[in-house]
Amino acid sequence: MSKNAITALAGIVVALLAGLAILWAQGYPALPSYAALFSYSLFSKFAIVSTLNKATPLVLTGLSAAVGFGSNCVNLGQPGQFLIGAMAVAAFGIACDLPTPVMIPLAIMVALAAGALWAGIAAGLRRRFNMDEFITTLMLNFIADYFTLYLISGPMWDRTTYSPMTKMTNPGSWLPMWDGLSAAFVVSCVAFVITWVIWDRSKLGYEWRVMGQNSAFARVGGCRNEANFTRAMLLSGALAGLAGGLMIMGGMQHRFVKGMGANYAWDGVMIAIVAANGMVPTGLYALFFAAIQTGAMGMELETAVPSEFALVLQAIIVLFVVASRESTRLLINRWAAKLRARAAAGGAQDIGKGEGGERRASGH
Amino acid sequence: MHLVIEMLRSSVLAATPVLLAGLGGTYTYYANVFNIAMEGMMLIGAFTAVAGSYLAGSWVVGTLAGMVGGVVAALVFAVFAVYLKTDEFVTGTAINMLALGGTTYALRQMFRVKGAFMSPMIRAIPRIRIPLIGALPGIGPVASGHPFLVYVTLALAIVIEWHMFRTRYGLRLRAAGEDPRAVDSVGVSSDRIRAQAILISGALCGLAGVYLSLGYVTLFAENMSNGRGWIALAVIILTRGRPLGLLTMSLVFGFFDGLGLSLQSTRIPPQFTQMVPYIATIVALYLYSREKKRVSAGQAGQAG
């Protein structure tokens with residue numbers, strides 16, 4: 001654990017330095033930009049509240065990707081599941097008008113179910129026809145995107161507005177705000193704890209993790225991989241759907257607006273990757289990425305660096321953290337091999353057992 | 001009749017970027033590199049092509065810049081995936097994100113716009129009228145008058161088929177994919193071949209980007225590759241990387257893409273017609289897996 005933390009920190013430091021070099025090369029005041037990045041995301045109450053609100057969807061999409069990848073389900077459908085979850089909650093919130101205590105739990109269930117349903121399509125295609133889920137989920141993203149666009153610019157369009165969006169949902173489904181902090185953050189914390197318990201403390205989660213490490217071993221060990229695949233996909237989709245649903249229930253707009261969700265889903269994929277599919281690291285990186293995104297707005301204000309720089313910085317962080325993790329492992333393996341070779345040179349043992357060179361299935 | 005010609009014409013147009021990227025992916029497919037970064041390489045190529053064409057006022061510079069953009073993205077991929085042994089899926093995803101974020105950022109940083117950058121200063125790649133065929137009724141509009149990259153792409157499909165299956169380099173590349181240790185043991189570095197395959201795919205994906213941003217439209221829009229790199233990946237899986245198979249499959253996808261465009265004149269909402277190529281991909285995967293199942297069931301039957 002601590003070894004991982006050290007390599008991760010090393011990767012983050014190198015990535016931040018690389019980001020600094022990019023800013024400097026483009027003639028921006030690099031250090032003041034970074035100072036603004038962190039002061040606007042961490043060093044005031046308002047900054048922290050903004051960061052936590054930003055982290056709400058990121059935690060969930062991150063968990064969604066982590067549960068998927070960690071169980072060897074290549075669910076790249078978070079963007080679609082996110083949109084379908086959001087749309088389902090918007091439709092529910094417009095159609096039903098019940099008191100808050102009934103409405104909010106129901107809306108959460110709707111979001112979970114809608115996301116799970118969209119992921120379930122890909123899971124079903126995989127189970128029934130053995131179709132690669134990573135392509136079907138990607139294609140379903142586009143289908144979800146155009147489908148929701150159709151709804152908000154056609155049947156569900158709020159005619160009083162000039163750009164495509166739905167009507168506002170009924171206030172019963174709105175989550176409260178405390179000093180600017182949306183209760184959506186609490187919901188995502190609860191979801192985090194539940195997912196963590198399932199993943200790290202339950203038999204089901206254990207089976208998923210074994211399946212993610214080595215599916216043949218899981219099968220030999222008596223796990224039902226097919227059923228576990230579907231379950232992991234459904235949970236993964238449900239989490240992404242919840243992220244979308246909370247965008248409608250929390251915040252200020254309470255309606256499905258064109259282009260909502262932007263990059264949250266893909267950010268989640270990156271967060272899971274950089275966190276190596278661990279639940280706690282996923283939560284931490286979600287907070288970290290949220291801080292970068294929040295701070296980037298402040299950076300634009302102070303030193304005129306376009307806030308899109310956050311996207312660049314995130315991708316660089318992912319590359320460097322993962323590379324430092326893998327190359328450290330490589331170095332350690334090499335070093336261990338050298339030690340073994342030395343020991344073997346003393347006694348004549350066999351050292352010919354190479355590392356298996358296992359490759360990710362590339363679809364053929 | 002007019003509609004048929006129009007649809008065939010748009011099939012060719014829509015097939016070209018998928019085919020170009022797919023041809024690039026052929027190299028990585030046979031080198032056994034899981035190249036999920038094609039989407040990002042294409043997007044970066046589309047951006048650098050527009051930037052080059054705009055700044056230099058020349059489509060030649062734009063085309064070269066697009067290829068360089070793709071190659072640079074591929075270089076990052078190769079350094080991380082081949083030499084630092086980072087997982088290919090992870091590296092590819094990060095590069096796609098870097099491409100999306102980087103081009104959006106650069107769009108604002110260099111051109112001070114959000115969303116899309118258009119300018120009369122961006123020079124498009126030239127179109128070619130084929131002398132005799134162009135004059136033929138029916139065939140002329142389908143075969144002639146396209147941006148020259150369309151013809152380059154068709155030629156490349158044949159050249160790459162030859163390169164992959166009839167040359168020593170192709171043999172080594174396929175061997176490096178099948179069994180890297182065997183290749184290493186005869187003194188050829190499989191890592192180098194894999195890196196080269198990635199760079200070639202980067203150049204071709206960059207060219208696909210050039211086609212997107214300097215071909216029929218001359219502009220750069222955020223995320224303008226819009227999944228074509230992923231469709232190319234699906235096409236590669238469906239055709240097992242055979243360049244001539246890619247040619248056929250890309251035309252099929254082009255047809256569906258074009259079908260979507262033609263349906264826009266009907267009363268079907270445009271959002272549904274835009275879904276067509278993505279649904280077609282899923283359907284094609286379904287047919288492919290059914291076929292595979294049937295073949296493997298047949299083999300099992302023979303064995304038993």
# chains A, B, ... in the order shown; residues from 1 in each chain; ligands from 1
$ select_by_dssp --residues "range 178-262 of chain B" --states "alpha helix (DSSP H)" --output "mmCIF file with C-alpha atoms, in the first residue's frame"
data_model
loop_
_atom_site.group_PDB
_atom_site.id
_atom_site.type_symbol
_atom_site.label_atom_id
_atom_site.label_comp_id
_atom_site.auth_asym_id
_atom_site.auth_seq_id
_atom_site.Cartn_x
_atom_site.Cartn_y
_atom_site.Cartn_z
ATOM 1 C CA GLU B 178 2.222 -13.968 -32.752
ATOM 2 C CA PRO B 180 7.604 -11.832 -29.852
ATOM 3 C CA ARG B 181 10.231 -14.077 -28.276
ATOM 4 C CA ALA B 182 10.752 -16.007 -31.490
ATOM 5 C CA VAL B 183 11.349 -12.722 -33.307
ATOM 6 C CA ASP B 184 13.717 -11.520 -30.606
ATOM 7 C CA SER B 185 15.621 -14.770 -30.764
ATOM 8 C CA SER B 190 10.012 -7.178 -31.393
ATOM 9 C CA ASP B 191 9.682 -4.041 -29.273
ATOM 10 C CA ARG B 192 10.987 -1.935 -32.129
ATOM 11 C CA ILE B 193 8.588 -3.551 -34.591
ATOM 12 C CA ARG B 194 5.680 -2.978 -32.239
ATOM 13 C CA ALA B 195 6.687 0.652 -31.801
ATOM 14 C CA GLN B 196 6.947 1.053 -35.571
ATOM 15 C CA ALA B 197 3.511 -0.451 -36.033
ATOM 16 C CA ILE B 198 2.112 2.083 -33.571
ATOM 17 C CA LEU B 199 3.831 4.961 -35.385
ATOM 18 C CA ILE B 200 2.509 3.828 -38.773
ATOM 19 C CA SER B 201 -0.984 3.584 -37.337
ATOM 20 C CA GLY B 202 -0.514 7.083 -35.923
ATOM 21 C CA ALA B 203 0.405 8.479 -39.331
ATOM 22 C CA LEU B 204 -2.605 6.875 -40.991
ATOM 23 C CA CYS B 205 -4.993 7.910 -38.212
ATOM 24 C CA GLY B 206 -3.557 11.410 -38.521
ATOM 25 C CA LEU B 207 -4.340 11.271 -42.226
ATOM 26 C CA ALA B 208 -7.877 10.197 -41.377
ATOM 27 C CA GLY B 209 -8.026 13.298 -39.197
ATOM 28 C CA VAL B 210 -6.811 15.415 -42.132
ATOM 29 C CA TYR B 211 -9.644 14.036 -44.206
ATOM 30 C CA LEU B 212 -12.162 14.918 -41.491
ATOM 31 C CA SER B 213 -11.055 18.505 -41.015
ATOM 32 C CA LEU B 214 -9.738 19.457 -44.492
ATOM 33 C CA ARG B 228 -15.030 6.924 -36.013
ATOM 34 C CA GLY B 229 -11.813 5.638 -34.471
ATOM 35 C CA TRP B 230 -13.850 3.181 -32.426
ATOM 36 C CA ILE B 231 -15.898 2.125 -35.413
ATOM 37 C CA ALA B 232 -12.584 1.512 -37.188
ATOM 38 C CA LEU B 233 -11.558 -0.693 -34.274
ATOM 39 C CA ALA B 234 -14.805 -2.646 -34.585
ATOM 40 C CA VAL B 235 -14.271 -3.010 -38.333
ATOM 41 C CA ILE B 236 -10.772 -4.370 -37.733
ATOM 42 C CA ILE B 237 -12.118 -6.981 -35.353
ATOM 43 C CA LEU B 238 -14.850 -7.912 -37.833
ATOM 44 C CA THR B 239 -12.424 -8.349 -40.725
ATOM 45 C CA PRO B 243 -6.933 -4.630 -45.579
ATOM 46 C CA LEU B 244 -9.160 -5.663 -48.491
ATOM 47 C CA GLY B 245 -11.786 -6.876 -46.043
ATOM 48 C CA LEU B 246 -11.514 -3.505 -44.340
ATOM 49 C CA LEU B 247 -12.161 -1.835 -47.662
ATOM 50 C CA THR B 248 -15.416 -3.728 -48.119
ATOM 51 C CA MET B 249 -16.573 -3.342 -44.524
ATOM 52 C CA SER B 250 -15.780 0.370 -44.469
ATOM 53 C CA LEU B 251 -17.897 0.851 -47.569
ATOM 54 C CA VAL B 252 -20.731 -0.960 -45.822
ATOM 55 C CA PHE B 253 -20.395 1.385 -42.866
ATOM 56 C CA GLY B 254 -20.075 4.313 -45.210
ATOM 57 C CA PHE B 255 -23.320 3.205 -46.766
ATOM 58 C CA PHE B 256 -25.099 3.255 -43.414
ATOM 59 C CA ASP B 257 -23.556 6.565 -42.503
ATOM 60 C CA GLY B 258 -24.671 7.934 -45.859
ATOM 61 C CA LEU B 259 -28.078 6.339 -45.381
ATOM 62 C CA GLY B 260 -28.415 8.323 -42.179
ATOM 63 C CA LEU B 261 -27.606 11.518 -44.052
ATOM 64 C CA SER B 262 -30.053 10.777 -46.850
#
$ interface_residues --of "chain B" --to "chain A" --cutoff "9 Å" --atoms "only C-alpha atoms" --output "ChimeraX atom specification"
/B:29,32-35,80-81,84-91,93-102,104-106,108-109,226-227,230-231,233-234,237,240,269-272,274-276,278-279,281-282,285-286,288-290,293
$ closest_residue --among "B:Ala176, B:Leu8, B:Ser225, B:Leu3" --to "Ile139 in chain B" --atoms "only C-alpha atoms"
B:Leu8
$ residues_around --residues "Gln213 in chain A" --least-positions-apart "2" --cutoff "8 Å" --atoms "only C-alpha atoms" --output "ChimeraX atom specification"
/A:70-72,209-211,215
$ residues_around --residues "Arg219 in chain A" --least-positions-apart "4" --cutoff "12 Å" --atoms "only C-alpha atoms" --output "list in words"
Glu207, Trp208, Val210, Met211, Gly212, Gln213, Asn214, Ser215, Cys223, Arg224, Asn225, Glu226, Ala227, Asn228 and Phe229 of chain A
$ write_last_selection --atoms "N, CA and C atoms" --output "PDB file, in the first residue's frame"
ATOM      1  N   GLU A 207     -15.444 -12.451  -5.294  1.00  0.00           N
ATOM      2  CA  GLU A 207     -15.518 -13.225  -6.538  1.00  0.00           C
ATOM      3  C   GLU A 207     -15.252 -12.350  -7.758  1.00  0.00           C
ATOM      4  N   TRP A 208     -15.774 -11.106  -7.702  1.00  0.00           N
ATOM      5  CA  TRP A 208     -15.533 -10.185  -8.824  1.00  0.00           C
ATOM      6  C   TRP A 208     -14.050  -9.886  -8.954  1.00  0.00           C
ATOM      7  N   VAL A 210     -11.540 -11.666  -7.949  1.00  0.00           N
ATOM      8  CA  VAL A 210     -10.816 -12.838  -8.464  1.00  0.00           C
ATOM      9  C   VAL A 210     -11.030 -12.952  -9.968  1.00  0.00           C
ATOM     10  N   MET A 211     -12.275 -12.710 -10.386  1.00  0.00           N
ATOM     11  CA  MET A 211     -12.577 -12.779 -11.816  1.00  0.00           C
ATOM     12  C   MET A 211     -11.757 -11.736 -12.580  1.00  0.00           C
ATOM     13  N   GLY A 212     -11.576 -10.565 -11.958  1.00  0.00           N
ATOM     14  CA  GLY A 212     -10.796  -9.516 -12.600  1.00  0.00           C
ATOM     15  C   GLY A 212      -9.329  -9.889 -12.709  1.00  0.00           C
ATOM     16  N   GLN A 213      -8.827 -10.573 -11.690  1.00  0.00           N
ATOM     17  CA  GLN A 213      -7.417 -10.958 -11.708  1.00  0.00           C
ATOM     18  C   GLN A 213      -7.177 -12.117 -12.661  1.00  0.00           C
ATOM     19  N   ASN A 214      -8.055 -13.111 -12.586  1.00  0.00           N
ATOM     20  CA  ASN A 214      -7.816 -14.329 -13.353  1.00  0.00           C
ATOM     21  C   ASN A 214      -9.128 -15.100 -13.451  1.00  0.00           C
ATOM     22  N   SER A 215      -9.784 -14.955 -14.604  1.00  0.00           N
ATOM     23  CA  SER A 215     -11.134 -15.499 -14.694  1.00  0.00           C
ATOM     24  C   SER A 215     -11.120 -17.031 -14.724  1.00  0.00           C
ATOM     25  N   CYS A 223     -16.615 -20.183  -8.974  1.00  0.00           N
ATOM     26  CA  CYS A 223     -17.442 -18.996  -9.148  1.00  0.00           C
ATOM     27  C   CYS A 223     -18.224 -19.123 -10.442  1.00  0.00           C
ATOM     28  N   ARG A 224     -19.429 -18.538 -10.440  1.00  0.00           N
ATOM     29  CA  ARG A 224     -20.205 -18.530 -11.683  1.00  0.00           C
ATOM     30  C   ARG A 224     -19.888 -17.240 -12.420  1.00  0.00           C
ATOM     31  N   ASN A 225     -18.886 -17.321 -13.280  1.00  0.00           N
ATOM     32  CA  ASN A 225     -18.380 -16.115 -13.937  1.00  0.00           C
ATOM     33  C   ASN A 225     -19.433 -15.391 -14.756  1.00  0.00           C
ATOM     34  N   GLU A 226     -20.291 -16.150 -15.442  1.00  0.00           N
ATOM     35  CA  GLU A 226     -21.271 -15.500 -16.319  1.00  0.00           C
ATOM     36  C   GLU A 226     -22.213 -14.633 -15.496  1.00  0.00           C
ATOM     37  N   ALA A 227     -22.731 -15.207 -14.422  1.00  0.00           N
ATOM     38  CA  ALA A 227     -23.648 -14.448 -13.580  1.00  0.00           C
ATOM     39  C   ALA A 227     -22.916 -13.281 -12.930  1.00  0.00           C
ATOM     40  N   ASN A 228     -21.678 -13.524 -12.498  1.00  0.00           N
ATOM     41  CA  ASN A 228     -20.921 -12.444 -11.866  1.00  0.00           C
ATOM     42  C   ASN A 228     -20.629 -11.313 -12.840  1.00  0.00           C
ATOM     43  N   PHE A 229     -20.375 -11.674 -14.100  1.00  0.00           N
ATOM     44  CA  PHE A 229     -20.135 -10.647 -15.116  1.00  0.00           C
ATOM     45  C   PHE A 229     -21.345  -9.726 -15.214  1.00  0.00           C
TER      46      PHE A 229
END
$ closest_residue --among "A:Ile84, A:Gly180, A:Ala218, A:Val280" --to "Gly115 in chain A" --atoms "only C-alpha atoms"
A:Ile84
$ closest_residue --among "A:Thr56, A:Gln293, A:Thr51, A:Thr161" --to "Val186 in chain A" --atoms "only C-alpha atoms"
A:Thr56
$ atom_distance --atom1 "CA of Ala275 in chain A" --atom2 "CA of Ser50 in chain A"
22.5 Å
$ residues_around --residues "Asn223 in chain B" --least-positions-apart "6" --cutoff "10 Å" --atoms "only C-alpha atoms" --output "NGL selection string"
:B and (39-40 or 42-44 or 46-47 or 99-101 or 103-104 or 115-116)
$ select_by_dssp --residues "range 60-294 of chain A" --states "strand (DSSP E)" --output "list in words"
Met177, Trp178, Leu181 and Ser182 of chain A
